[in-house]
Number of protein chains: 4
Amino acid sequence: MDGFQRRRELKKRNILEAALALFMKHGIQKVSIVEIAKEANVSQVTIYNYFESKHKLIHEVFIFYINKAVVDFENIIEAKLPFPEKIKKIIFNKKEVASQIHEEFYHYMMKEYTEGNEIEKLYNEKAIPYFIKLFEEGKEQGYVDPNLSNEAILFYVHMLKEYIQKEEVYQKILPLTEDITNIFFYGVVGNKEV
Amino acid sequence: MDGFQRRRELKKRNILEAALALFMKHGIQKVSIVEIAKEANVSQVTIYNYFESKHKLIHEVFIFYINKAVVDFENIIEAKLPFPEKIKKIIFNKKEVASQIHEEFYHYMMKEYTEGNEIEKLYNEKAIPYFIKLFEEGKEQGYVDPNLSNEAILFYVHMLKEYIQKEEVYQKILPLTEDITNIFFYGVVGNKEV
Amino acid sequence: MDGFQRRRELKKRNILEAALALFMKHGIQKVSIVEIAKEANVSQVTIYNYFESKHKLIHEVFIFYINKAVVDFENIIEAKLPFPEKIKKIIFNKKEVASQIHEEFYHYMMKEYTEGNEIEKLYNEKAIPYFIKLFEEGKEQGYVDPNLSNEAILFYVHMLKEYIQKEEVYQKILPLTEDITNIFFYGVVGNKEV
Amino acid sequence: MDGFQRRRELKKRNILEAALALFMKHGIQKVSIVEIAKEANVSQVTIYNYFESKHKLIHEVFIFYINKAVVDFENIIEAKLPFPEKIKKIIFNKKEVASQIHEEFYHYMMKEYTEGNEIEKLYNEKAIPYFIKLFEEGKEQGYVDPNLSNEAILFYVHMLKEYIQKEEVYQKILPLTEDITNIFFYGVVGNKEV
DNA sequence: AATGAATGAGGGTTCATTCAT
DNA sequence: GATGAATGAACCCTCATTCAT
């Protein structure tokens, strides 16, 4: 990659970072191209030169975000930690990519995700295998009921993770961390063994 | 309430119904005042006469929605059903108010909800007591661990309910209903008694 | 038609007049909605309120123009004039609707005209019958070869009329009026009878 | 001309060809410099280096086009064909330079042509003499009334040629070819000798 | 009280042209 | 000399809100 291309990549990354930050803070519809351009210190048109349209920019921001998230996620899974700690980290650790995620950003992304496009492919190829590996580990160690389908557990983890990441929810449930972890592992019925 | 006022209230209700329907279908930002006016068969200005601004209209729509939701919710709680059935109904029953809720509507509402305003007050006064009553019932019948805080269970139920109501999630998890219910009651560890 | 509607129609007409004038002067692509709005002393948005889009405005301008043209045209046909005078008037008389017609306006209109839509219908219903009547009159009086198809004559008249109306052509051919008329009637071979 | 210059001329020609092709297909205003650059496989700036501005590029494209057209035209005039065949070819033969000419291109060119600049000079010097020669030939052979001014005949030929070349007209008048040729030679009064 | 009409501000997008390498 | 990158200005269009009747 020569100097030209390197600079191009750098600028593209700048724009993606700026867009990601703004989308996470204010959602997608409320963020205008002008704002992103200002945040990234480029002209509007430069953004169009790189991304063609707002729609395609959003798409690339998603991919950018997922790639970042997957790296953080990988680190947790591969770490030397007891299973429950990993789960806790995955669900509660907001520091992975961004501390505040705007709901609408998630919504848009999930919509793209469910429409069977590139983002879904990326997610399936990169993230799911780690999850499966994690759950199998949990099953082996007796932390997870082997009769449960991986899909169902995945759903639960996703939901918790996503819901807790909402800025308006996060602060409310911090004192409930223990209880929520308990419910995740033992359900509302509770741990009868203890 | 004289005839004038009654007609006034009726018209207001018409507008609220129209706005609610459109918000749920398309989100809030994408629905314009003109559209609402058309749907409600009134002039735009009439909407302004009644609600001052779009922002305040949205606010009143939320209150309107919650009041409706609470009624549906009340019916479930007071019904003669075993505890687990009530929980299932609350979590999975999409028919309560609307079959398809647009994500963004929820987001806006939740934001209003957490900003300590009228909507929160309404919710706290009307909905929470029913939940508490339900959970106490669950605890008495041995379905719920008495050591768990009501807040944590509330959080869990809310989360499941909200997450499942998303149109893009709903269809994916239908086959997982049993597993999800099991995790809710017994956690990922599973029911060791069986 | 009440006061409201009358004023509405008046304003619509104003906008159409302004648009028509500008389109004829500068063509269509070069004329922006802002310019039309300024010329008509209204806001841009008012134009959108009346016409929805530039495309539809253009369409209505065409219809407006054709209706005007047909009236002028009718007057000539129905007038008590010898046949050759009528033809001359039709071909050379620029004062009918506008003194200067921008080429591109014609181009756009003809495109619409050939795409089998409302404009074609309008033209066929309103203008063609007068032409046919005129040509039949010419044939009866011996001014027109009865073996010629009406389509061919129509084509010829159209072509001459349109071509001469071009601002860049008009001034050049004024001194040639006699010759051109002669060619129209007797062809380049000339009137052998004389 | 050394190697440098030859390569320069070649590139210039490439750009002109590309621009001409695009202008003829889509008109002038709708074709952007970027598109021309892409079609010619050069950078936009290269175009500016050679032509200074879009306006001047258009100008040079016109000259380029006329030169090409004149050559085709010359071939017809110098061919061994009876006079009426030459006329027919000139008027109806669309294959001379391009089969489909976008109207707007003609318009622009004609405007330049009438503004007393280089293009007019070129046309007067190169094309007109051939026309005059052709008409004199016609007069000698009795096909053209010697009393008619060459300007008037030129006007007629031009008009027919140009009008027929319009893509939206061409197909409509194909079945009328005979009649139109007849009108050109004998006028609407028709050939009384026959 | 209710309405049709009107508007200023802003959104996404395109383009001829210039800058910097 | 040639290029990719960058830009200011303009365009079409939308919307929450206000005006005038």
# chains A, B, ... in the order shown; residues from 1 in each chain; ligands from 1

$ interface_residues --of "chain B" --to "chain F" --cutoff "12 Å" --atoms "only C-alpha atoms (C1' of nucleotides)" --output "list in words"
Gln29, Lys30, Val31, Ser32, Ile33, Val34, Glu35, Gln44, Val45, Ile47, Tyr48, Asn49, Glu52, Ser53, Lys54 and His55 of chain B

$ residues_around --residues "Asp145 of chain A" --least-positions-apart "6" --cutoff "9 Å" --atoms "only C-alpha atoms (C1' of nucleotides)" --output "list of chain:residue names"
A:Gly138, A:Lys139, B:Gly187, B:Val188, B:Val189, B:Gly190, B:Asn191, B:Lys192

$ select_by_dssp --residues "chain D" --states "alpha helix (DSSP H)" --output "ChimeraX atom specification"
/D:3-26,33-40,44-51,54-78,83-92,103-114,118-126,128-140,150-165,167-173,177-186

$ closest_atom_pairs --of "segment 13-94 of chain B" --to "segment 156-163 of chain B" --cutoff "10 Å" --atoms "only C-alpha atoms" --output "JSON lines"
{"residue": "B:Ile87", "atom": "CA", "partner": "B:Val157", "partner_atom": "CA", "distance": 8.2}
{"residue": "B:Lys88", "atom": "CA", "partner": "B:Lys161", "partner_atom": "CA", "distance": 9.5}
{"residue": "B:Lys89", "atom": "CA", "partner": "B:Lys161", "partner_atom": "CA", "distance": 9.7}
{"residue": "B:Ile90", "atom": "CA", "partner": "B:Lys161", "partner_atom": "CA", "distance": 7.0}
{"residue": "B:Ile91", "atom": "CA", "partner": "B:Lys161", "partner_atom": "CA", "distance": 4.4}
{"residue": "B:Phe92", "atom": "CA", "partner": "B:Lys161", "partner_atom": "CA", "distance": 6.6}
{"residue": "B:Asn93", "atom": "CA", "partner": "B:Lys161", "partner_atom": "CA", "distance": 8.5}
{"residue": "B:Lys94", "atom": "CA", "partner": "B:Lys161", "partner_atom": "CA", "distance": 8.8}

$ residues_around --residues "segment 126-136 of chain C" --least-positions-apart "3" --cutoff "7 Å" --atoms "only C-alpha atoms (C1' of nucleotides)" --output "short mmCIF file (atom, residue, chain, number, x, y, z; two decimals) with N, CA, C and O atoms, in the first residue's frame"
data_model
loop_
_atom_site.label_atom_id
_atom_site.label_comp_id
_atom_site.auth_asym_id
_atom_site.auth_seq_id
_atom_site.Cartn_x
_atom_site.Cartn_y
_atom_site.Cartn_z
N VAL C 70 -53.38 26.18 -28.33
CA VAL C 70 -54.53 25.71 -29.09
C VAL C 70 -55.53 26.83 -29.31
O VAL C 70 -56.11 26.97 -30.39
N ILE C 77 -57.41 29.37 -37.51
CA ILE C 77 -58.12 28.45 -38.39
C ILE C 77 -59.52 28.94 -38.71
O ILE C 77 -59.99 28.87 -39.84
N LEU C 122 -54.22 15.26 -25.17
CA LEU C 122 -54.70 16.64 -25.27
C LEU C 122 -54.49 17.17 -26.67
O LEU C 122 -55.39 17.74 -27.30
N TYR C 123 -53.30 16.97 -27.16
CA TYR C 123 -52.95 17.49 -28.48
C TYR C 123 -53.81 16.84 -29.56
O TYR C 123 -54.35 17.51 -30.45
N LYS C 139 -57.27 21.26 -49.64
CA LYS C 139 -57.42 20.31 -50.75
C LYS C 139 -58.60 20.71 -51.63
O LYS C 139 -58.52 20.71 -52.86
N GLU C 140 -59.73 21.06 -50.99
CA GLU C 140 -60.91 21.48 -51.74
C GLU C 140 -60.62 22.68 -52.64
O GLU C 140 -61.05 22.75 -53.78
N ASN C 150 -52.45 13.39 -44.90
CA ASN C 150 -52.51 14.46 -43.90
C ASN C 150 -51.31 14.41 -42.95
O ASN C 150 -50.81 15.43 -42.51
#

$ interface_residues --of "chain E" --to "chain A" --cutoff "9 Å" --atoms "only C-alpha atoms (C1' of nucleotides)" --output "list in words"
DG11, DG12, DT13 and DT21 of chain E

$ residues_around --residues "segment 169-180 of chain C" --least-positions-apart "6" --cutoff "8 Å" --atoms "only C-alpha atoms (C1' of nucleotides)" --output "NGL selection string"
(:C and (163)) or (:D and (148-149 or 151-152 or 155-156))

$ write_last_selection --atoms "N, CA and C atoms" --output "PDB file, in the first residue's frame"
ATOM      1  N   TYR C 163     -39.313  24.878 -36.188  1.00  0.00           N
ATOM      2  CA  TYR C 163     -37.951  25.287 -36.523  1.00  0.00           C
ATOM      3  C   TYR C 163     -37.835  26.808 -36.573  1.00  0.00           C
TER       4      TYR C 163
ATOM      5  N   LEU D 148     -35.061  30.548 -56.922  1.00  0.00           N
ATOM      6  CA  LEU D 148     -34.971  30.425 -55.459  1.00  0.00           C
ATOM      7  C   LEU D 148     -33.578  30.805 -54.973  1.00  0.00           C
ATOM      8  N   SER D 149     -33.539  31.522 -53.858  1.00  0.00           N
ATOM      9  CA  SER D 149     -32.233  31.860 -53.272  1.00  0.00           C
ATOM     10  C   SER D 149     -31.621  30.617 -52.643  1.00  0.00           C
ATOM     11  N   GLU D 151     -29.987  30.541 -50.018  1.00  0.00           N
ATOM     12  CA  GLU D 151     -30.252  30.581 -48.563  1.00  0.00           C
ATOM     13  C   GLU D 151     -31.538  29.847 -48.216  1.00  0.00           C
ATOM     14  N   ALA D 152     -32.561  30.105 -49.014  1.00  0.00           N
ATOM     15  CA  ALA D 152     -33.840  29.491 -48.696  1.00  0.00           C
ATOM     16  C   ALA D 152     -33.763  27.969 -48.831  1.00  0.00           C
ATOM     17  N   PHE D 155     -31.805  26.609 -45.975  1.00  0.00           N
ATOM     18  CA  PHE D 155     -32.664  26.581 -44.784  1.00  0.00           C
ATOM     19  C   PHE D 155     -33.543  25.344 -44.788  1.00  0.00           C
ATOM     20  N   TYR D 156     -34.145  25.057 -45.912  1.00  0.00           N
ATOM     21  CA  TYR D 156     -35.029  23.908 -46.004  1.00  0.00           C
ATOM     22  C   TYR D 156     -34.307  22.597 -45.755  1.00  0.00           C
TER      23      TYR D 156
END

$ closest_residue --among "A:Gln5, A:Gln165, A:Asn67, A:Asn41" --to "chain B" --atoms "only C-alpha atoms"
A:Gln165

$ closest_residue --among "B:His107, B:His59, B:Lys80, B:Lys121" --to "chain A" --atoms "only C-alpha atoms"
B:His107

$ atom_distance --atom1 "atom CA of Pro84 of chain B" --atom2 "atom CA of Thr181 of chain A"
21.1 Å

$ atom_distance --atom1 "atom CA of Phe23 of chain A" --atom2 "atom CA of Glu104 of chain B"
14.2 Å

$ closest_residue --among "B:Glu125, B:Glu118, B:Ile183, B:Ala37" --to "DT3 of chain E" --atoms "only C-alpha atoms (C1' of nucleotides)"
B:Ala37

$ atom_distance --atom1 "atom CA of Tyr50 of chain A" --atom2 "atom CA of Ile58 of chain D"
28.9 Å

$ decode --residues "segment 135-172 of chain A" --atoms "N, CA, C and O atoms" --output "short mmCIF file (atom, residue, chain, number, x, y, z; two decimals), in the first residue's frame"
data_model
loop_
_atom_site.label_atom_id
_atom_site.label_comp_id
_atom_site.auth_asym_id
_atom_site.auth_seq_id
_atom_site.Cartn_x
_atom_site.Cartn_y
_atom_site.Cartn_z
N PHE A 135 -20.08 -21.56 24.76
CA PHE A 135 -21.18 -22.31 25.37
C PHE A 135 -20.80 -23.78 25.58
O PHE A 135 -21.15 -24.38 26.59
N GLU A 136 -20.07 -24.32 24.61
CA GLU A 136 -19.65 -25.72 24.77
C GLU A 136 -18.75 -25.85 26.00
O GLU A 136 -18.88 -26.80 26.79
N GLU A 137 -17.88 -24.88 26.13
CA GLU A 137 -17.02 -24.85 27.33
C GLU A 137 -17.89 -24.83 28.58
O GLU A 137 -17.65 -25.59 29.54
N GLY A 138 -18.91 -23.98 28.58
CA GLY A 138 -19.81 -23.90 29.73
C GLY A 138 -20.52 -25.22 29.99
O GLY A 138 -20.69 -25.63 31.14
N LYS A 139 -20.93 -25.86 28.92
CA LYS A 139 -21.62 -27.14 29.10
C LYS A 139 -20.67 -28.17 29.70
O LYS A 139 -21.04 -28.91 30.63
N GLU A 140 -19.47 -28.22 29.19
CA GLU A 140 -18.49 -29.17 29.70
C GLU A 140 -18.22 -28.97 31.19
O GLU A 140 -18.10 -29.91 31.97
N GLN A 141 -18.13 -27.70 31.56
CA GLN A 141 -17.81 -27.40 32.95
C GLN A 141 -19.03 -27.44 33.86
O GLN A 141 -18.95 -27.08 35.05
N GLY A 142 -20.17 -27.80 33.32
CA GLY A 142 -21.36 -27.93 34.15
C GLY A 142 -22.06 -26.63 34.44
O GLY A 142 -22.99 -26.57 35.24
N TYR A 143 -21.63 -25.56 33.78
CA TYR A 143 -22.29 -24.28 34.02
C TYR A 143 -23.54 -24.10 33.15
O TYR A 143 -24.33 -23.21 33.39
N VAL A 144 -23.63 -24.91 32.14
CA VAL A 144 -24.76 -24.75 31.22
C VAL A 144 -25.44 -26.09 31.00
O VAL A 144 -24.78 -27.11 30.75
N ASP A 145 -26.77 -26.04 31.09
CA ASP A 145 -27.58 -27.23 30.85
C ASP A 145 -27.36 -27.73 29.42
O ASP A 145 -27.66 -27.03 28.46
N PRO A 146 -26.87 -28.96 29.26
CA PRO A 146 -26.57 -29.45 27.91
C PRO A 146 -27.81 -29.65 27.05
O PRO A 146 -27.70 -29.77 25.83
N ASN A 147 -28.99 -29.65 27.69
CA ASN A 147 -30.21 -29.81 26.89
C ASN A 147 -30.64 -28.52 26.19
O ASN A 147 -31.47 -28.54 25.29
N LEU A 148 -30.09 -27.41 26.64
CA LEU A 148 -30.50 -26.14 26.04
C LEU A 148 -29.87 -25.97 24.67
O LEU A 148 -28.70 -26.29 24.46
N SER A 149 -30.68 -25.43 23.75
CA SER A 149 -30.13 -25.17 22.42
C SER A 149 -29.20 -23.95 22.49
O SER A 149 -29.42 -23.01 23.26
N ASN A 150 -28.15 -24.02 21.68
CA ASN A 150 -27.24 -22.87 21.64
C ASN A 150 -27.97 -21.61 21.21
O ASN A 150 -27.65 -20.51 21.67
N GLU A 151 -28.95 -21.77 20.32
CA GLU A 151 -29.68 -20.59 19.87
C GLU A 151 -30.35 -19.86 21.03
O GLU A 151 -30.31 -18.62 21.10
N ALA A 152 -30.94 -20.64 21.91
CA ALA A 152 -31.65 -20.01 23.01
C ALA A 152 -30.68 -19.26 23.93
O ALA A 152 -30.94 -18.14 24.36
N ILE A 153 -29.53 -19.89 24.21
CA ILE A 153 -28.57 -19.21 25.08
C ILE A 153 -28.04 -17.96 24.39
O ILE A 153 -27.90 -16.90 25.00
N LEU A 154 -27.76 -18.11 23.11
CA LEU A 154 -27.28 -16.98 22.34
C LEU A 154 -28.28 -15.82 22.42
O LEU A 154 -27.91 -14.67 22.64
N PHE A 155 -29.53 -16.16 22.26
CA PHE A 155 -30.58 -15.15 22.35
C PHE A 155 -30.51 -14.43 23.70
O PHE A 155 -30.55 -13.21 23.77
N TYR A 156 -30.37 -15.22 24.75
CA TYR A 156 -30.34 -14.63 26.08
C TYR A 156 -29.15 -13.70 26.28
O TYR A 156 -29.28 -12.58 26.78
N VAL A 157 -28.00 -14.19 25.88
CA VAL A 157 -26.79 -13.38 26.06
C VAL A 157 -26.91 -12.09 25.25
O VAL A 157 -26.65 -10.99 25.75
N HIS A 158 -27.33 -12.24 24.00
CA HIS A 158 -27.54 -11.07 23.15
C HIS A 158 -28.44 -10.06 23.80
O HIS A 158 -28.15 -8.87 23.87
N MET A 159 -29.55 -10.57 24.21
CA MET A 159 -30.56 -9.68 24.77
C MET A 159 -30.01 -8.93 25.96
O MET A 159 -30.10 -7.70 26.04
N LEU A 160 -29.43 -9.64 26.87
CA LEU A 160 -28.89 -9.01 28.07
C LEU A 160 -27.85 -7.97 27.70
O LEU A 160 -27.89 -6.82 28.14
N LYS A 161 -26.94 -8.41 26.84
CA LYS A 161 -25.87 -7.52 26.42
C LYS A 161 -26.41 -6.25 25.79
O LYS A 161 -26.05 -5.13 26.17
N GLU A 162 -27.32 -6.44 24.87
CA GLU A 162 -27.85 -5.30 24.13
C GLU A 162 -28.65 -4.38 25.03
O GLU A 162 -28.47 -3.17 25.03
N TYR A 163 -29.48 -4.99 25.81
CA TYR A 163 -30.37 -4.20 26.64
C TYR A 163 -29.59 -3.39 27.67
O TYR A 163 -29.88 -2.23 27.93
N ILE A 164 -28.60 -4.05 28.23
CA ILE A 164 -27.83 -3.37 29.27
C ILE A 164 -26.99 -2.25 28.68
O ILE A 164 -26.71 -1.24 29.33
N GLN A 165 -26.62 -2.40 27.42
CA GLN A 165 -25.79 -1.37 26.81
C GLN A 165 -26.55 -0.06 26.57
O GLN A 165 -25.95 0.97 26.31
N LYS A 166 -27.85 -0.14 26.61
CA LYS A 166 -28.61 1.10 26.42
C LYS A 166 -28.24 2.10 27.50
O LYS A 166 -28.24 1.79 28.68
N GLU A 167 -28.00 3.29 27.08
CA GLU A 167 -27.57 4.30 28.03
C GLU A 167 -28.59 4.53 29.13
O GLU A 167 -28.23 4.78 30.28
N GLU A 168 -29.85 4.43 28.78
CA GLU A 168 -30.87 4.75 29.77
C GLU A 168 -31.09 3.60 30.76
O GLU A 168 -31.68 3.79 31.81
N VAL A 169 -30.59 2.44 30.40
CA VAL A 169 -30.80 1.28 31.27
C VAL A 169 -29.60 1.07 32.20
O VAL A 169 -29.74 0.78 33.38
N TYR A 170 -28.45 1.28 31.64
CA TYR A 170 -27.20 0.89 32.30
C TYR A 170 -27.12 1.30 33.77
O TYR A 170 -26.86 0.48 34.66
N GLN A 171 -27.37 2.58 33.99
CA GLN A 171 -27.17 3.08 35.35
C GLN A 171 -28.18 2.51 36.33
O GLN A 171 -27.90 2.32 37.51
N LYS A 172 -29.37 2.24 35.81
CA LYS A 172 -30.41 1.72 36.69
C LYS A 172 -30.07 0.34 37.23
O LYS A 172 -30.45 -0.01 38.34
#
